>>> print(open('structure19.cif').read())   # mmCIF, C-alpha atoms
data_coords
loop_
_atom_site.label_atom_id
_atom_site.label_comp_id
_atom_site.auth_asym_id
_atom_site.auth_seq_id
_atom_site.Cartn_x
_atom_site.Cartn_y
_atom_site.Cartn_z
CA MET T 1 -47.50 30.48 -15.69
CA SER T 2 -46.04 33.95 -16.16
CA LYS T 3 -42.81 34.58 -18.04
CA ALA T 4 -39.71 34.80 -15.86
CA ASP T 5 -38.25 38.30 -15.48
CA PRO T 6 -34.64 38.16 -16.79
CA SER T 7 -33.50 40.69 -14.14
CA GLU T 8 -34.91 38.47 -11.39
CA ILE T 9 -33.08 35.43 -12.80
CA VAL T 10 -29.78 37.35 -12.89
CA GLN T 11 -30.32 38.67 -9.35
CA ALA T 12 -31.12 35.18 -8.05
CA GLN T 13 -27.90 33.77 -9.55
CA LEU T 14 -25.93 36.69 -8.03
CA ASP T 15 -27.50 35.94 -4.64
CA ALA T 16 -26.52 32.27 -5.00
CA TYR T 17 -22.99 33.34 -6.08
CA ASN T 18 -22.66 35.47 -2.95
CA ALA T 19 -23.92 32.58 -0.81
CA ARG T 20 -21.39 30.31 -2.58
CA ASP T 21 -24.26 27.85 -3.08
CA ILE T 22 -23.15 25.96 -6.18
CA GLU T 23 -26.39 23.97 -6.57
CA ARG T 24 -28.62 27.03 -6.39
CA PHE T 25 -26.20 29.02 -8.58
CA MET T 26 -26.21 26.35 -11.29
CA SER T 27 -30.01 26.10 -11.23
CA TYR T 28 -30.09 29.44 -13.11
CA TRP T 29 -27.78 28.30 -15.94
CA ALA T 30 -28.95 26.34 -19.00
CA ASP T 31 -27.35 22.93 -19.57
CA ASP T 32 -25.79 24.24 -22.80
CA ALA T 33 -24.93 27.73 -21.49
CA GLN T 34 -21.83 29.49 -22.77
CA PHE T 35 -19.55 31.63 -20.61
CA TYR T 36 -17.26 34.15 -22.35
CA ALA T 37 -14.53 36.65 -21.59
CA PHE T 38 -15.73 39.70 -23.50
CA PRO T 39 -16.02 39.87 -26.42
CA SER T 40 -15.65 36.31 -27.70
CA GLU T 41 -13.18 34.12 -25.75
CA LEU T 42 -15.13 31.02 -24.74
CA LEU T 43 -14.14 30.16 -21.15
CA ALA T 44 -16.72 27.46 -20.43
CA SER T 45 -19.24 25.60 -22.55
CA GLY T 46 -22.05 23.80 -20.81
CA ALA T 47 -23.17 23.59 -17.21
CA ASP T 48 -20.45 21.13 -16.19
CA GLN T 49 -17.64 23.48 -17.21
CA ILE T 50 -19.37 26.49 -15.63
CA ARG T 51 -19.82 24.48 -12.41
CA GLU T 52 -16.14 23.47 -12.41
CA ARG T 53 -15.01 27.11 -12.74
CA HIS T 54 -17.21 28.21 -9.87
CA ILE T 55 -16.48 25.39 -7.42
CA LEU T 56 -12.91 26.70 -7.25
CA ARG T 57 -14.00 30.35 -7.11
CA PHE T 58 -16.48 29.65 -4.31
CA LYS T 59 -13.59 28.55 -2.05
CA GLU T 60 -12.36 32.16 -1.84
CA PRO T 61 -13.13 33.37 1.71
CA ASN T 62 -14.08 36.96 0.84
CA LEU T 63 -15.84 36.36 -2.50
CA ARG T 64 -18.72 38.77 -3.05
CA GLY T 65 -20.26 40.40 -6.11
CA ASN T 66 -21.52 43.89 -5.28
CA LEU T 67 -24.05 45.19 -7.78
CA VAL T 68 -23.41 48.82 -8.76
CA GLN T 69 -25.91 49.17 -11.63
CA ARG T 70 -28.25 46.99 -13.65
CA THR T 71 -29.81 47.70 -17.05
CA ALA T 72 -32.15 45.36 -18.89
CA VAL T 73 -33.67 45.35 -22.36
CA ASP T 74 -35.86 42.40 -23.32
CA ASN T 75 -33.88 39.25 -22.40
CA ILE T 76 -30.47 40.97 -22.03
CA VAL T 77 -29.33 42.08 -18.58
CA VAL T 78 -26.17 44.14 -18.09
CA ASP T 79 -24.66 44.44 -14.62
CA ARG T 80 -21.80 46.56 -13.39
CA GLU T 81 -20.34 44.92 -10.33
CA VAL T 82 -17.39 45.30 -8.02
CA VAL T 83 -16.30 41.81 -7.03
CA ASP T 84 -14.29 41.16 -3.86
CA ARG T 85 -11.75 38.40 -4.52
CA THR T 86 -8.76 36.61 -3.07
CA PHE T 87 -5.92 36.75 -5.58
CA PRO T 88 -2.55 34.97 -5.30
CA GLU T 89 -1.09 38.39 -4.36
CA GLY T 90 -3.73 39.06 -1.67
CA THR T 91 -7.26 40.33 -1.24
CA GLY T 92 -8.75 42.98 -3.46
CA ARG T 93 -11.45 43.67 -5.99
CA VAL T 94 -12.16 43.92 -9.67
CA ASP T 95 -14.64 45.93 -11.68
CA VAL T 96 -16.79 43.70 -13.86
CA ILE T 97 -19.28 44.32 -16.63
CA ALA T 98 -21.47 41.21 -16.95
CA ILE T 99 -23.83 40.75 -19.88
CA TYR T 100 -26.39 37.97 -19.52
CA GLU T 101 -28.72 36.51 -22.14
CA VAL T 102 -31.71 34.88 -20.49
CA THR T 103 -34.06 32.48 -22.26
CA GLY T 104 -37.09 31.37 -20.30
CA ASP T 105 -35.83 31.01 -16.74
CA LYS T 106 -32.18 30.19 -17.54
CA ILE T 107 -29.03 32.09 -18.42
CA THR T 108 -27.97 30.83 -21.83
CA LYS T 109 -24.96 33.05 -22.52
CA ALA T 110 -22.85 35.42 -20.48
CA TRP T 111 -19.96 37.73 -21.30
CA PHE T 112 -17.64 39.21 -18.68
CA LYS T 113 -15.31 42.19 -19.06
CA VAL T 114 -13.06 42.19 -16.02
CA GLY T 115 -10.87 45.13 -15.03
CA ALA T 116 -7.43 44.94 -13.48
CA PRO T 117 -7.32 43.69 -9.88
CA VAL T 118 -6.92 46.37 -7.22
CA LEU T 119 -5.29 44.95 -4.10
CA ASP T 120 -6.31 45.99 -0.60
CA ARG T 121 -3.75 48.20 1.10
CA ALA T 122 -3.00 45.51 3.70
CA SER T 123 -2.20 43.05 0.89
CA GLN T 124 0.40 45.26 -0.72
CA PRO T 125 4.05 44.94 0.32
CA GLU T 126 5.43 47.85 2.26
CA ALA T 127 7.98 50.07 0.54
CA PRO T 128 11.53 49.82 1.94
#
>>> encode(input="structure19.cif", output="structure tokens")
Amino acid sequence: MSKADPSEIVQAQLDAYNARDIERFMSYWADDAQFYAFPSELLASGADQIRERHILRFKEPNLRGNLVQRTAVDNIVVDREVVDRTFPEGTGRVDVIAIYEVTGDKITKAWFKVGAPVLDRASQPEAP
């Protein structure tokens, strides 16, 4: 069996994210995976906590991660994405840098640097 390509693993989990398919999405995460806000704030430890975070996220009607650029060195994959979201204030997007560590065919660690939300024009209140 050939070694899994880390970029292909990351792309497959992004495809599952965009499909909001929690089972397929979780199939790319290790049971003991760690999920961080960059640089070191642990947001979720283990597959159960990662699943819980994403079940809620996957309910957003316009959720979509749009890959802008991908760079990979050995088992580290760095994506720049623009993610469409539904925020309490309305629809919009955020810039995200995602850093994935892949071991075998699973994501074992991930760090996310998320920019400030930018609301869609239609979501912003009109000036008086």
>>> closest_residue(input="structure19.cif", among="T:Ser7, T:Phe38, T:Arg20, T:Ala47", to="Val96 in chain T", atoms="all atoms listed in the file")
T:Phe38
>>> residues_near_point(input="structure19.cif", point="(-7.7, 45.9, -1.5)", cutoff="12 Å", atoms="all atoms listed in the file", output="PyMOL selection string")
chain T and resi 62+82-87+89-94+117-125
>>> closest_residue(input="structure19.cif", among="T:Val68, T:Ile99, T:Ile9, T:Ile107", to="Ala33 in chain T", atoms="only C-alpha atoms")
T:Ile107
>>> closest_residue(input="structure19.cif", among="T:Leu63, T:Ala4, T:Trp111, T:Ala116", to="Leu43 in chain T", atoms="all atoms listed in the file")
T:Trp111
>>> atom_distance(input="structure19.cif", atom1="CA of Arg57 in chain T", atom2="CA of Val102 in chain T")
22.7 Å
>>> closest_residue(input="structure19.cif", among="T:Ser40, T:Ala72, T:Gly115, T:Glu52", to="Ile22 in chain T", atoms="all atoms listed in the file")
T:Glu52
>>> closest_residue(input="structure19.cif", among="T:Asn18, T:Lys109, T:Ser27, T:Glu60", to="Pro88 in chain T", atoms="only C-alpha atoms")
T:Glu60
>>> atom_distance(input="structure19.cif", atom1="CA of Gly65 in chain T", atom2="CA of Arg51 in chain T")
17.1 Å
>>> closest_residue(input="structure19.cif", among="T:Phe58, T:Phe35, T:Phe112, T:Tyr100", to="Glu8 in chain T", atoms="only C-alpha atoms")
T:Tyr100
>>> residues_around(input="structure19.cif", residues="Ala44 in chain T", least_positions_apart="2", cutoff="6 Å", atoms="all atoms listed in the file", output="PyMOL selection string")
chain T and resi 34-35+42+49-50
>>> atom_distance(input="structure19.cif", atom1="CA of Gln13 in chain T", atom2="CA of Pro39 in chain T")
21.5 Å
>>> build_atoms(input="structure19.cif", residues="range 111-122 of chain T", atoms="all heavy atoms", output="tab-separated table (two decimals), in the coordinates of the input")
chain	number	residue	atom	x	y	z
T	111	TRP	N	-21.25	37.14	-20.93
T	111	TRP	CA	-19.96	37.73	-21.30
T	111	TRP	C	-19.49	38.57	-20.12
T	111	TRP	O	-20.28	39.31	-19.53
T	111	TRP	CB	-20.11	38.63	-22.51
T	111	TRP	CG	-20.58	37.96	-23.76
T	111	TRP	CD1	-19.79	37.52	-24.79
T	111	TRP	CD2	-21.92	37.65	-24.14
T	111	TRP	NE1	-20.57	36.96	-25.77
T	111	TRP	CE2	-21.88	37.03	-25.41
T	111	TRP	CE3	-23.17	37.83	-23.54
T	111	TRP	CZ2	-23.02	36.60	-26.07
T	111	TRP	CZ3	-24.31	37.40	-24.19
T	111	TRP	CH2	-24.22	36.79	-25.44
T	112	PHE	N	-18.19	38.48	-19.82
T	112	PHE	CA	-17.64	39.21	-18.68
T	112	PHE	C	-16.42	40.02	-19.11
T	112	PHE	O	-15.47	39.47	-19.66
T	112	PHE	CB	-17.25	38.25	-17.56
T	112	PHE	CG	-18.43	37.49	-17.03
T	112	PHE	CD1	-18.80	36.27	-17.57
T	112	PHE	CD2	-19.20	38.01	-16.00
T	112	PHE	CE1	-19.90	35.59	-17.10
T	112	PHE	CE2	-20.31	37.33	-15.53
T	112	PHE	CZ	-20.66	36.12	-16.08
T	113	LYS	N	-16.46	41.30	-18.86
T	113	LYS	CA	-15.31	42.19	-19.06
T	113	LYS	C	-14.81	42.53	-17.67
T	113	LYS	O	-15.51	43.17	-16.88
T	113	LYS	CB	-15.73	43.46	-19.83
T	113	LYS	CG	-14.63	44.47	-19.99
T	113	LYS	CD	-13.51	43.94	-20.85
T	113	LYS	CE	-12.46	45.02	-21.08
T	113	LYS	NZ	-11.24	44.48	-21.67
T	114	VAL	N	-13.60	42.07	-17.37
T	114	VAL	CA	-13.06	42.19	-16.02
T	114	VAL	C	-11.90	43.18	-16.04
T	114	VAL	O	-10.97	43.05	-16.86
T	114	VAL	CB	-12.58	40.82	-15.50
T	114	VAL	CG1	-12.01	40.93	-14.10
T	114	VAL	CG2	-13.73	39.81	-15.53
T	115	GLY	N	-11.95	44.15	-15.14
T	115	GLY	CA	-10.87	45.13	-15.03
T	115	GLY	C	-9.67	44.55	-14.31
T	115	GLY	O	-9.67	43.39	-13.87
T	116	ALA	N	-8.65	45.35	-14.18
T	116	ALA	CA	-7.43	44.94	-13.48
T	116	ALA	C	-7.70	44.83	-11.98
T	116	ALA	O	-8.42	45.66	-11.42
T	116	ALA	CB	-6.32	45.95	-13.73
T	117	PRO	N	-7.14	43.81	-11.33
T	117	PRO	CA	-7.32	43.69	-9.88
T	117	PRO	C	-6.72	44.89	-9.14
T	117	PRO	O	-5.68	45.42	-9.54
T	117	PRO	CB	-6.54	42.42	-9.52
T	117	PRO	CG	-6.42	41.66	-10.80
T	117	PRO	CD	-6.37	42.70	-11.89
T	118	VAL	N	-7.41	45.32	-8.11
T	118	VAL	CA	-6.92	46.37	-7.22
T	118	VAL	C	-6.78	45.71	-5.85
T	118	VAL	O	-7.78	45.27	-5.27
T	118	VAL	CB	-7.89	47.57	-7.16
T	118	VAL	CG1	-7.41	48.60	-6.15
T	118	VAL	CG2	-8.07	48.18	-8.54
T	119	LEU	N	-5.53	45.62	-5.37
T	119	LEU	CA	-5.29	44.95	-4.10
T	119	LEU	C	-5.62	45.86	-2.94
T	119	LEU	O	-5.44	47.09	-3.00
T	119	LEU	CB	-3.83	44.50	-4.00
T	119	LEU	CG	-3.40	43.42	-4.98
T	119	LEU	CD1	-1.92	43.10	-4.80
T	119	LEU	CD2	-4.25	42.16	-4.82
T	120	ASP	N	-6.09	45.25	-1.84
T	120	ASP	CA	-6.31	45.99	-0.60
T	120	ASP	C	-4.96	46.50	-0.10
T	120	ASP	O	-3.92	45.86	-0.31
T	120	ASP	CB	-6.93	45.08	0.46
T	120	ASP	CG	-8.36	44.69	0.13
T	120	ASP	OD1	-9.01	45.41	-0.65
T	120	ASP	OD2	-8.82	43.66	0.66
T	121	ARG	N	-4.98	47.60	0.57
T	121	ARG	CA	-3.75	48.20	1.10
T	121	ARG	C	-2.97	47.22	1.97
T	121	ARG	O	-1.76	47.12	1.87
T	121	ARG	CB	-4.10	49.47	1.88
T	121	ARG	CG	-2.94	50.32	2.23
T	121	ARG	CD	-3.44	51.64	2.83
T	121	ARG	NE	-2.39	52.62	2.76
T	121	ARG	CZ	-2.18	53.44	1.74
T	121	ARG	NH1	-2.96	53.40	0.70
T	121	ARG	NH2	-1.21	54.32	1.76
T	122	ALA	N	-3.67	46.46	2.80
T	122	ALA	CA	-3.00	45.51	3.70
T	122	ALA	C	-2.33	44.37	2.93
T	122	ALA	O	-1.43	43.72	3.44
T	122	ALA	CB	-4.00	44.94	4.70
